[in-house]
$ cat entry_33.pdb   # PDB, C-alpha atoms
ATOM      1  CA  MET A   1      42.741 -16.781  -7.007
ATOM      2  CA  ARG A   2      38.962 -17.060  -7.091
ATOM      3  CA  VAL A   3      36.839 -14.750  -4.943
ATOM      4  CA  LEU A   4      34.285 -16.819  -3.040
ATOM      5  CA  ARG A   5      30.832 -15.438  -2.487
ATOM      6  CA  HIS A   6      29.818 -18.294  -0.210
ATOM      7  CA  ASP A   7      30.997 -18.794   3.328
ATOM      8  CA  ALA A   8      34.104 -20.971   3.729
ATOM      9  CA  SER A   9      32.082 -23.529   5.709
ATOM     10  CA  ILE A  10      29.983 -24.248   2.600
ATOM     11  CA  VAL A  11      33.098 -24.786   0.524
ATOM     12  CA  GLU A  12      34.474 -27.232   3.092
ATOM     13  CA  ARG A  13      31.271 -29.285   3.096
ATOM     14  CA  TRP A  14      30.558 -29.056  -0.633
ATOM     15  CA  PHE A  15      32.399 -32.234  -1.594
ATOM     16  CA  THR A  16      30.396 -34.256   0.951
ATOM     17  CA  PHE A  17      27.122 -33.501  -0.881
ATOM     18  CA  SER A  18      25.704 -35.783  -3.547
ATOM     19  CA  LEU A  19      25.547 -34.473  -7.115
ATOM     20  CA  ALA A  20      21.792 -33.973  -6.699
ATOM     21  CA  GLU A  21      22.365 -31.921  -3.548
ATOM     22  CA  GLN A  22      25.083 -29.858  -5.222
ATOM     23  CA  LEU A  23      23.018 -29.019  -8.306
ATOM     24  CA  GLY A  24      19.868 -28.612  -6.216
ATOM     25  CA  ASN A  25      21.648 -25.946  -4.153
ATOM     26  CA  ALA A  26      22.941 -24.274  -7.309
ATOM     27  CA  GLY A  27      19.371 -24.453  -8.595
ATOM     28  CA  SER A  28      18.166 -22.377  -5.647
ATOM     29  CA  GLU A  29      20.437 -19.568  -6.790
ATOM     30  CA  VAL A  30      19.334 -20.084 -10.399
ATOM     31  CA  SER A  31      15.715 -19.697  -9.244
ATOM     32  CA  ARG A  32      16.592 -16.428  -7.520
ATOM     33  CA  ALA A  33      18.394 -15.159 -10.615
ATOM     34  CA  LEU A  34      15.412 -16.008 -12.810
ATOM     35  CA  LYS A  35      12.916 -14.489 -10.377
ATOM     36  CA  TRP A  36      14.762 -11.191 -10.032
ATOM     37  CA  ARG A  37      16.187 -10.712 -13.525
ATOM     38  CA  THR A  38      13.493  -8.227 -14.589
ATOM     39  CA  ARG A  39      12.540  -6.860 -11.161
ATOM     40  CA  ASN A  40      15.988  -6.134  -9.745
ATOM     41  CA  PRO A  41      18.926  -6.947 -12.017
ATOM     42  CA  GLU A  42      21.444  -6.327  -9.215
ATOM     43  CA  ILE A  43      19.920  -9.064  -7.043
ATOM     44  CA  ALA A  44      19.679 -11.334 -10.094
ATOM     45  CA  GLN A  45      23.346 -10.795 -10.908
ATOM     46  CA  GLY A  46      24.400 -11.687  -7.361
ATOM     47  CA  ALA A  47      22.317 -14.870  -7.498
ATOM     48  CA  LEU A  48      23.830 -15.750 -10.874
ATOM     49  CA  TYR A  49      27.352 -15.288  -9.502
ATOM     50  CA  ARG A  50      26.533 -17.533  -6.523
ATOM     51  CA  ALA A  51      24.998 -20.173  -8.827
ATOM     52  CA  LEU A  52      28.084 -20.124 -11.039
ATOM     53  CA  GLU A  53      30.329 -20.462  -8.012
ATOM     54  CA  LEU A  54      28.393 -23.526  -6.842
ATOM     55  CA  ILE A  55      28.447 -25.057 -10.321
ATOM     56  CA  ASP A  56      32.198 -24.433 -10.506
ATOM     57  CA  LEU A  57      32.683 -26.054  -7.097
ATOM     58  CA  THR A  58      30.697 -29.025  -8.389
ATOM     59  CA  LEU A  59      33.005 -29.234 -11.400
ATOM     60  CA  ASP A  60      35.984 -29.171  -9.008
ATOM     61  CA  ASP A  61      34.639 -32.173  -7.054
ATOM     62  CA  PRO A  62      37.090 -35.045  -7.613
ATOM     63  CA  ARG A  63      34.243 -37.600  -7.599
ATOM     64  CA  HIS A  64      32.909 -36.128 -10.844
ATOM     65  CA  ARG A  65      36.306 -36.232 -12.580
ATOM     66  CA  THR A  66      35.868 -39.930 -13.352
ATOM     67  CA  SER A  67      32.925 -39.338 -15.689
ATOM     68  CA  VAL A  68      33.422 -37.292 -18.844
ATOM     69  CA  ALA A  69      29.673 -37.459 -19.506
ATOM     70  CA  ARG A  70      28.904 -36.025 -16.064
ATOM     71  CA  LEU A  71      31.402 -33.197 -16.495
ATOM     72  CA  ARG A  72      30.030 -32.472 -19.958
ATOM     73  CA  GLU A  73      26.465 -32.210 -18.646
ATOM     74  CA  ILE A  74      27.441 -29.918 -15.770
ATOM     75  CA  CYS A  75      29.399 -27.701 -18.178
ATOM     76  CA  ARG A  76      26.494 -27.661 -20.621
ATOM     77  CA  ALA A  77      24.072 -26.617 -17.868
ATOM     78  CA  ARG A  78      26.465 -23.784 -16.955
ATOM     79  CA  GLU A  79      26.726 -22.750 -20.602
ATOM     80  CA  LEU A  80      22.941 -22.731 -21.108
ATOM     81  CA  LEU A  81      22.417 -20.745 -17.923
ATOM     82  CA  LEU A  82      24.896 -18.075 -18.991
ATOM     83  CA  ASP A  83      23.554 -18.011 -22.552
ATOM     84  CA  PHE A  84      20.011 -17.440 -21.288
ATOM     85  CA  LEU A  85      20.760 -14.847 -18.602
ATOM     86  CA  VAL A  86      23.598 -12.809 -20.114
ATOM     87  CA  GLY A  87      24.088 -14.054 -23.661
ATOM     88  CA  PRO A  88      22.079 -13.934 -26.864
ATOM     89  CA  ASN A  89      20.078 -17.086 -25.945
ATOM     90  CA  GLN A  90      21.382 -18.829 -29.029
ATOM     91  CA  TYR A  91      20.088 -22.171 -27.697
ATOM     92  CA  ASN A  92      16.530 -20.785 -27.408
ATOM     93  CA  SER A  93      16.286 -21.808 -23.759
ATOM     94  CA  SER A  94      13.373 -20.714 -21.639
ATOM     95  CA  GLU A  95      13.051 -19.722 -18.017
ATOM     96  CA  ALA A  96      10.648 -22.626 -17.469
ATOM     97  CA  ALA A  97      13.075 -25.168 -18.979
ATOM     98  CA  LEU A  98      15.971 -23.988 -16.814
ATOM     99  CA  GLN A  99      13.742 -24.011 -13.746
ATOM    100  CA  ARG A 100      12.556 -27.578 -14.461
ATOM    101  CA  TYR A 101      16.109 -28.798 -15.050
ATOM    102  CA  PHE A 102      17.488 -27.499 -11.754
ATOM    103  CA  ASP A 103      14.317 -28.266  -9.754
ATOM    104  CA  ALA A 104      14.678 -31.931 -10.716
ATOM    105  CA  PHE A 105      17.977 -32.056  -8.804
ATOM    106  CA  GLY A 106      16.364 -30.510  -5.737
ATOM    107  CA  VAL A 107      13.594 -33.118  -5.810
ATOM    108  CA  ALA A 108      16.130 -35.915  -6.305
ATOM    109  CA  ALA A 109      18.173 -34.637  -3.355
ATOM    110  CA  VAL A 110      15.138 -34.608  -1.071
ATOM    111  CA  ASN A 111      14.085 -38.073  -2.241
ATOM    112  CA  GLY A 112      17.614 -39.388  -1.695
ATOM    113  CA  ARG A 113      17.715 -38.006   1.832
ATOM    114  CA  SER A 114      14.289 -39.501   2.579
ATOM    115  CA  ARG A 115      15.411 -42.952   1.387
ATOM    116  CA  ASN A 116      18.624 -42.732   3.411
ATOM    117  CA  GLN A 117      16.712 -41.737   6.556
ATOM    118  CA  ALA A 118      14.226 -44.573   6.072
ATOM    119  CA  ARG A 119      17.085 -47.081   5.751
ATOM    120  CA  SER A 120      18.838 -45.800   8.853
ATOM    121  CA  GLY A 121      15.622 -45.728  10.871
ATOM    122  CA  SER A 122      15.855 -42.014  11.691
TER     123      SER A 122
END

$ encode --input "entry_33.pdb" --output "structure tokens"
Amino acid sequence: MRVLRHDASIVERWFTFSLAEQLGNAGSEVSRALKWRTRNPEIAQGALYRALELIDLTLDDPRHRTSVARLREICRARELLLDFLVGPNQYNSSEAALQRYFDAFGVAAVNGRSRNQARSGS
């Protein structure tokens, strides 16, 4: 049984989010982990655990099970994140590259919401 760090209400709603929203939310925790990794490792570790939980929930989303390429990319992002923050950084990742990768999903999520609101007239 997995211990959840996020509130159960988030878990219930998670599968209603688009992929961009899911990875954008995970990216918020990645940003916190990157920001705090040298200043306060305890805070950084908590943010990393929350990011991993959100990435794992994204991997559990049945909508993503139909695309091997999508699953592979999500798994690779998880692997690079762990390699950079707790591993030997064998892929020579950088904080800036990880930040750009996850920020792109946040921007896409906001743009997607804006387009949907414009279409619905809200």

$ residues_near_point --input "entry_33.pdb" --point "(13.8, -18.9, -10.3)" --cutoff "12 Å" --atoms "all atoms listed in the file" --output "number ranges by chain"
A: 26-38, 44, 47-48, 51, 81, 85, 94-103

$ write_last_selection --input "entry_33.pdb" --atoms "C-alpha atoms" --output "mmCIF file, in the frame of the given file"
data_model
loop_
_atom_site.group_PDB
_atom_site.id
_atom_site.type_symbol
_atom_site.label_atom_id
_atom_site.label_comp_id
_atom_site.auth_asym_id
_atom_site.auth_seq_id
_atom_site.Cartn_x
_atom_site.Cartn_y
_atom_site.Cartn_z
ATOM 1 C CA ALA A 26 22.941 -24.274 -7.309
ATOM 2 C CA GLY A 27 19.371 -24.453 -8.595
ATOM 3 C CA SER A 28 18.166 -22.377 -5.647
ATOM 4 C CA GLU A 29 20.437 -19.568 -6.790
ATOM 5 C CA VAL A 30 19.334 -20.084 -10.399
ATOM 6 C CA SER A 31 15.715 -19.697 -9.244
ATOM 7 C CA ARG A 32 16.592 -16.428 -7.520
ATOM 8 C CA ALA A 33 18.394 -15.159 -10.615
ATOM 9 C CA LEU A 34 15.412 -16.008 -12.810
ATOM 10 C CA LYS A 35 12.916 -14.489 -10.377
ATOM 11 C CA TRP A 36 14.762 -11.191 -10.032
ATOM 12 C CA ARG A 37 16.187 -10.712 -13.525
ATOM 13 C CA THR A 38 13.493 -8.227 -14.589
ATOM 14 C CA ALA A 44 19.679 -11.334 -10.094
ATOM 15 C CA ALA A 47 22.317 -14.870 -7.498
ATOM 16 C CA LEU A 48 23.830 -15.750 -10.874
ATOM 17 C CA ALA A 51 24.998 -20.173 -8.827
ATOM 18 C CA LEU A 81 22.417 -20.745 -17.923
ATOM 19 C CA LEU A 85 20.760 -14.847 -18.602
ATOM 20 C CA SER A 94 13.373 -20.714 -21.639
ATOM 21 C CA GLU A 95 13.051 -19.722 -18.017
ATOM 22 C CA ALA A 96 10.648 -22.626 -17.469
ATOM 23 C CA ALA A 97 13.075 -25.168 -18.979
ATOM 24 C CA LEU A 98 15.971 -23.988 -16.814
ATOM 25 C CA GLN A 99 13.742 -24.011 -13.746
ATOM 26 C CA ARG A 100 12.556 -27.578 -14.461
ATOM 27 C CA TYR A 101 16.109 -28.798 -15.050
ATOM 28 C CA PHE A 102 17.488 -27.499 -11.754
ATOM 29 C CA ASP A 103 14.317 -28.266 -9.754
#

$ atom_distance --input "entry_33.pdb" --atom1 "atom CA of Asn111 of chain A" --atom2 "atom CA of Thr16 of chain A"
17.1 Å

$ residues_around --input "entry_33.pdb" --residues "Leu54 of chain A" --least-positions-apart "2" --cutoff "10 Å" --atoms "only C-alpha atoms" --output "list in words"
Leu4, Arg5, His6, Ile10, Val11, Trp14, Gln22, Leu23, Gly24, Asn25, Ala26, Gly27, Glu29, Leu48, Tyr49, Arg50, Ala51, Leu52, Asp56, Leu57, Thr58, Leu59 and Asp60 of chain A

$ atom_distance --input "entry_33.pdb" --atom1 "atom CA of Ala20 of chain A" --atom2 "atom CA of Leu71 of chain A"
13.7 Å

$ closest_residue --input "entry_33.pdb" --among "A:Asn89, A:Cys75, A:Ser9, A:Glu21" --to "Val107 of chain A" --atoms "all atoms listed in the file"
A:Glu21

$ closest_residue --input "entry_33.pdb" --among "A:Ala8, A:Leu19, A:Glu42, A:Glu79" --to "Pro62 of chain A" --atoms "only C-alpha atoms"
A:Leu19
